[in-house]
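Participant: My questions will all concern the structure given below.
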Amino acid sequence: MSKRISVVFGWAVILAAWSPSFAAEPSKTIKVLYDNYVFDQACGSDWGFACLISGTEKTILFDTGAKGDLLLANFEKMKLRPADVELVVISHNHGDHTGGLLPFLAKNSQVDVYLPAATPEAFVKKVKAHGVSVVTKPVEICKGVSVIGPLGDKIIEQALVVDTKKGLVIITGCSHPGVVAIAKKAKEHLGRDIFMVLGGTHLLNHSNEDLQRVVDDLKGLGVQKMGATHCSGDKAIAKMKEAFGDGFVTMGVGRVIEVGE
């Protein structure tokens with residue numbers, strides 16, 4: 001190899017090591033910690049939902065399930081540490097999403113907690129010592145991650161949205177205001193296409209016509225992948241699986257989903 005070629009090669013190695021333009025961004029990873037559906041039999045299941053989002057600027061726990069002991073046990077079974085969580089987002093004030101919060105905070109008090117508008121003041125006070133924000137409008141909680149809310153009237157709910165190179169990944173608790181309304185709001189607010197929607201869709205006992213309308217509306221919004229779970233109902237999940245085909249994401253406690261960058 002000539003001296004000139006050696007010098008060029010040396011600079012290429014240095015640039016690849018130090019220049020951000022050469023460094024691949026980490027994958028965004030979603031790990032389901034609490035669900036009434038089971039993906040990994042090693043994890044315990046129960047009615048409720050929680051998941052951990054990593055690969056983002058800060059590690060985020062979204063919802064906390066109903067029982068703190070089960071949530072923490074699943075942390076251990078999935079070889080995760082409560083101490084690594086930096087932010088907690090609660091979708092709405094129902095026990096199957098908030099029940100594990102205080103037991104979790106007893107293990108990790110060094111987090112900021114984002115509660116939805118209309119959270120009872122008594123519950124806000126219990127969390128206040130840990131740095132609490134009550135969300136009254138869409139807010140970016142760390143780089144590329146936003147809380148979209150509040151939405152709904154009778155039940156106020158918010159969703160977590162991660163912006164990736166593939167598009168928005170929307171994570172819902174129960175979608176009481178409607179999963180389509182949540183997806184539409186996220187797309188309008190952030191001005192980005194939707195790649196994936198995951199979480200509860202609250203479609204139990206809906207008619208086939210209603211389910212078809214939801215599917216059509218989600219597809220009309222450009223949703224590429226769908227992972228319905230928790231309160232979605234078996235019929236709705238089957239409908240989503242049929243409609244999205246290879247774009248359907250099987251959920252359940254213990255599931256790990258990577259969105260490669």
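Every chain in the structure tokens takes a letter, A first, then B, and so on in the order presented; its residues are numbered from 1, and the ligands are numbered from 1 following the presented order.
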For Asp193 in chain A, list every protein, DNA or RNA residue within 9 Å, evaluated using only C-alpha atoms, and leave out those in the same chain fewer than 5 positions away; present the list as a list in words.
Facilitator: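 Returned residues: Lys166, Gly167, Leu168, Lys187, Leu221, Gly222 and Val223 of chain A.
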Participant: Which residues of range 73-136 of chain A come within 12 Å of range 196-203 of chain A, and for each one, what is the closest pair of atoms and their distance in Å to one decimal, counting only C-alpha atoms, sorted by chain and residue number, as CSV?
Facilitator:
residue,atom,partner,partner_atom,distance
A:Ser91,CA,A:Gly200,CA,10.6
A:His92,CA,A:Gly200,CA,11.8
A:Asp96,CA,A:Gly200,CA,11.6
A:His97,CA,A:Gly200,CA,10.9
Participant: Take the residues that were just selected and, keeping C-alpha atoms, output them as a PDB file, in the first residue's frame.
Facilitator:
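Ended up saving to selection35.pdb:
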ATOM      1  CA  SER A  91     -51.650   7.280  30.123  1.00  0.00           C
ATOM      2  CA  HIS A  92     -54.791   7.699  32.240  1.00  0.00           C
ATOM      3  CA  ASP A  96     -54.693  -1.145  35.758  1.00  0.00           C
ATOM      4  CA  HIS A  97     -52.271   1.543  34.542  1.00  0.00           C
TER       5      HIS A  97
END
Participant: Would you mind reading off the distance between CA of Thr29 in chain A and CA of Val256 in chain A, one decimal, in Å?
Facilitator: 7.0 Å
Participant: From the options A:Ser109, A:Pro138, A:Leu102, A:Ser146, which residue's atoms come nearest to Phe123 in chain A, counting only C-alpha atoms?
Facilitator: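 Of all the options, A:Leu102 lies closest to Phe123 in chain A.
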Participant: Would you please extract all strand (DSSP E) residues from range 98-156 of chain A, as assigned by DSSP on the backbone, and give them as a list in words?
Facilitator: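 Matching residues for strand (DSSP E) in range 98-156 of chain A are Asp112, Val113, Tyr114, Leu115, Pro116, Val132, Ser133, Val134, Val135, Val139, Glu140, Ile141, Cys142, Val145, Ser146, Val147, Ile148, Gly149, Pro150 and Leu151 of chain A.
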Participant: When you draw a straight line from CA of Ile155 in chain A to CA of Lys137 in chain A, how long is it in Å?
Facilitator: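 Taking CA of Ile155 in chain A and CA of Lys137 in chain A, their separation equals 15.7 Å.
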Participant: Neighbouring residues of Ala106 in chain A were defined as those with any atom within 12 Å, considering only C-alpha atoms; residues of the same chain fewer than 4 positions away were excluded. Please report them as a PyMOL selection string.
Facilitator: chain A and resi 68-69+72+82-83+100-102+110-111+126-127+129-130
Participant: Save the residues we just selected, N, CA, C and O atoms, as a short mmCIF file (atom, residue, chain, number, x, y, z; two decimals), in the first residue's frame?
Facilitator:
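Okay, this is what ended up in selection_11.cif:
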data_model
loop_
_atom_site.label_atom_id
_atom_site.label_comp_id
_atom_site.auth_asym_id
_atom_site.auth_seq_id
_atom_site.Cartn_x
_atom_site.Cartn_y
_atom_site.Cartn_z
N GLY A 68 -47.85 -3.61 41.75
CA GLY A 68 -46.44 -3.28 41.79
C GLY A 68 -45.53 -4.49 41.92
O GLY A 68 -44.46 -4.53 41.29
N ASP A 69 -45.95 -5.49 42.71
CA ASP A 69 -45.08 -6.65 42.89
C ASP A 69 -44.89 -7.42 41.58
O ASP A 69 -43.80 -7.90 41.27
N LEU A 72 -42.58 -5.33 39.19
CA LEU A 72 -41.18 -5.42 39.59
C LEU A 72 -40.62 -6.82 39.35
O LEU A 72 -39.45 -6.97 38.99
N PRO A 82 -35.21 -1.27 37.55
CA PRO A 82 -35.98 -0.05 37.80
C PRO A 82 -35.10 1.19 37.90
O PRO A 82 -35.50 2.29 37.51
N ALA A 83 -33.87 1.02 38.41
CA ALA A 83 -32.96 2.16 38.59
C ALA A 83 -32.57 2.81 37.28
O ALA A 83 -32.14 3.97 37.26
N GLY A 100 -49.11 0.13 39.80
CA GLY A 100 -47.72 -0.18 40.11
C GLY A 100 -46.84 1.04 40.31
O GLY A 100 -45.64 0.90 40.61
N LEU A 101 -47.41 2.25 40.18
CA LEU A 101 -46.57 3.45 40.19
C LEU A 101 -45.89 3.68 41.54
O LEU A 101 -44.66 3.85 41.61
N LEU A 102 -46.65 3.70 42.63
CA LEU A 102 -46.06 3.98 43.93
C LEU A 102 -45.06 2.90 44.36
O LEU A 102 -43.96 3.24 44.85
N GLN A 110 -35.82 8.65 41.72
CA GLN A 110 -35.11 9.68 40.95
C GLN A 110 -35.65 9.78 39.53
O GLN A 110 -34.90 9.73 38.55
N VAL A 111 -36.95 9.90 39.40
CA VAL A 111 -37.57 9.99 38.08
C VAL A 111 -38.52 11.18 38.04
O VAL A 111 -39.00 11.65 39.07
N LYS A 126 -49.42 12.39 46.17
CA LYS A 126 -48.63 11.21 46.53
C LYS A 126 -47.38 11.08 45.66
O LYS A 126 -46.38 10.53 46.07
N VAL A 127 -47.47 11.61 44.44
CA VAL A 127 -46.37 11.48 43.49
C VAL A 127 -45.45 12.71 43.50
O VAL A 127 -44.32 12.65 43.03
N ALA A 129 -43.51 14.29 45.44
CA ALA A 129 -42.15 14.25 45.97
C ALA A 129 -41.15 13.73 44.95
O ALA A 129 -39.94 13.90 45.12
N HIS A 130 -41.64 13.14 43.87
CA HIS A 130 -40.75 12.54 42.88
C HIS A 130 -40.63 13.38 41.61
O HIS A 130 -40.09 12.90 40.61
#
Participant: Write out as a VMD selection string each polymer residue whose atoms come within 9 Å of Pro120 in chain A, counting only C-alpha atoms; drop sequence neighbours fewer than 4 positions from it.
Facilitator: chain A and resid 93 124 to 125
Participant: Could you write those residues out with N, CA and C atoms, as a PDB file, in the first residue's frame?
Facilitator:
ATOM      1  N   ASN A  93     -55.924   7.733  34.355  1.00  0.00           N
ATOM      2  CA  ASN A  93     -56.088   7.449  35.773  1.00  0.00           C
ATOM      3  C   ASN A  93     -56.999   6.242  36.025  1.00  0.00           C
ATOM      4  N   VAL A 124     -51.961  13.073  42.768  1.00  0.00           N
ATOM      5  CA  VAL A 124     -50.856  13.959  42.379  1.00  0.00           C
ATOM      6  C   VAL A 124     -49.971  14.238  43.587  1.00  0.00           C
ATOM      7  N   LYS A 125     -50.582  14.474  44.743  1.00  0.00           N
ATOM      8  CA  LYS A 125     -49.821  14.776  45.959  1.00  0.00           C
ATOM      9  C   LYS A 125     -48.935  13.613  46.368  1.00  0.00           C
TER      10      LYS A 125
END
Participant: Mind pulling up the distance from CA of Ser207 in chain A to CA of Ser175 in chain A?
Facilitator: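 Between these atoms lies a distance of 17.0 Å.
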Participant: My list of candidates is A:Ile141, A:Ile171, A:Ala42, A:Val259. Which is closest to Glu86 in chain A when distances are computed with only C-alpha atoms?
Facilitator: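 For Glu86 in chain A, the nearest of the given residues is A:Ile141.
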Participant: Pick the closest to Thr119 in chain A from A:Cys43, A:Ile156, A:Leu70, A:Cys51: which is it, counting only C-alpha atoms?
Facilitator: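 Among the listed residues, the smallest separation from Thr119 in chain A belongs to A:Ile156.
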Participant: Would you pick out the contacts of Leu218 in chain A at 9 Å or less, using only C-alpha atoms, so that residues sharing its chain but fewer than 3 positions from it are not included, and give the list as a ChimeraX atom specification?
Facilitator: /A:179-180,183-184,213-215,221-224
Participant: Within 12 Å of Thr250 in chain A, counting only C-alpha atoms, which residues qualify if same-chain residues fewer than 3 places away don't, as a list in words?
Facilitator: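 The contact residues come out as Val32, Tyr37, Val38, Phe39, Asp40, Val197, Leu198, Gly199, Lys225, Met226, Gly227, Ala228, Thr229, His230, Ile237, Ala238, Met240, Lys241, Phe244, Gly245, Asp246, Gly247, Val253, Gly254, Arg255, Val256 and Ile257 of chain A.
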Participant: Between A:Gly173, A:Gly252, A:Gly144, A:Gly178, single out the one closest to Asp46 in chain A, counting only C-alpha atoms.
Facilitator: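 Counting only C-alpha atoms, the residue closest to Asp46 in chain A is A:Gly252.
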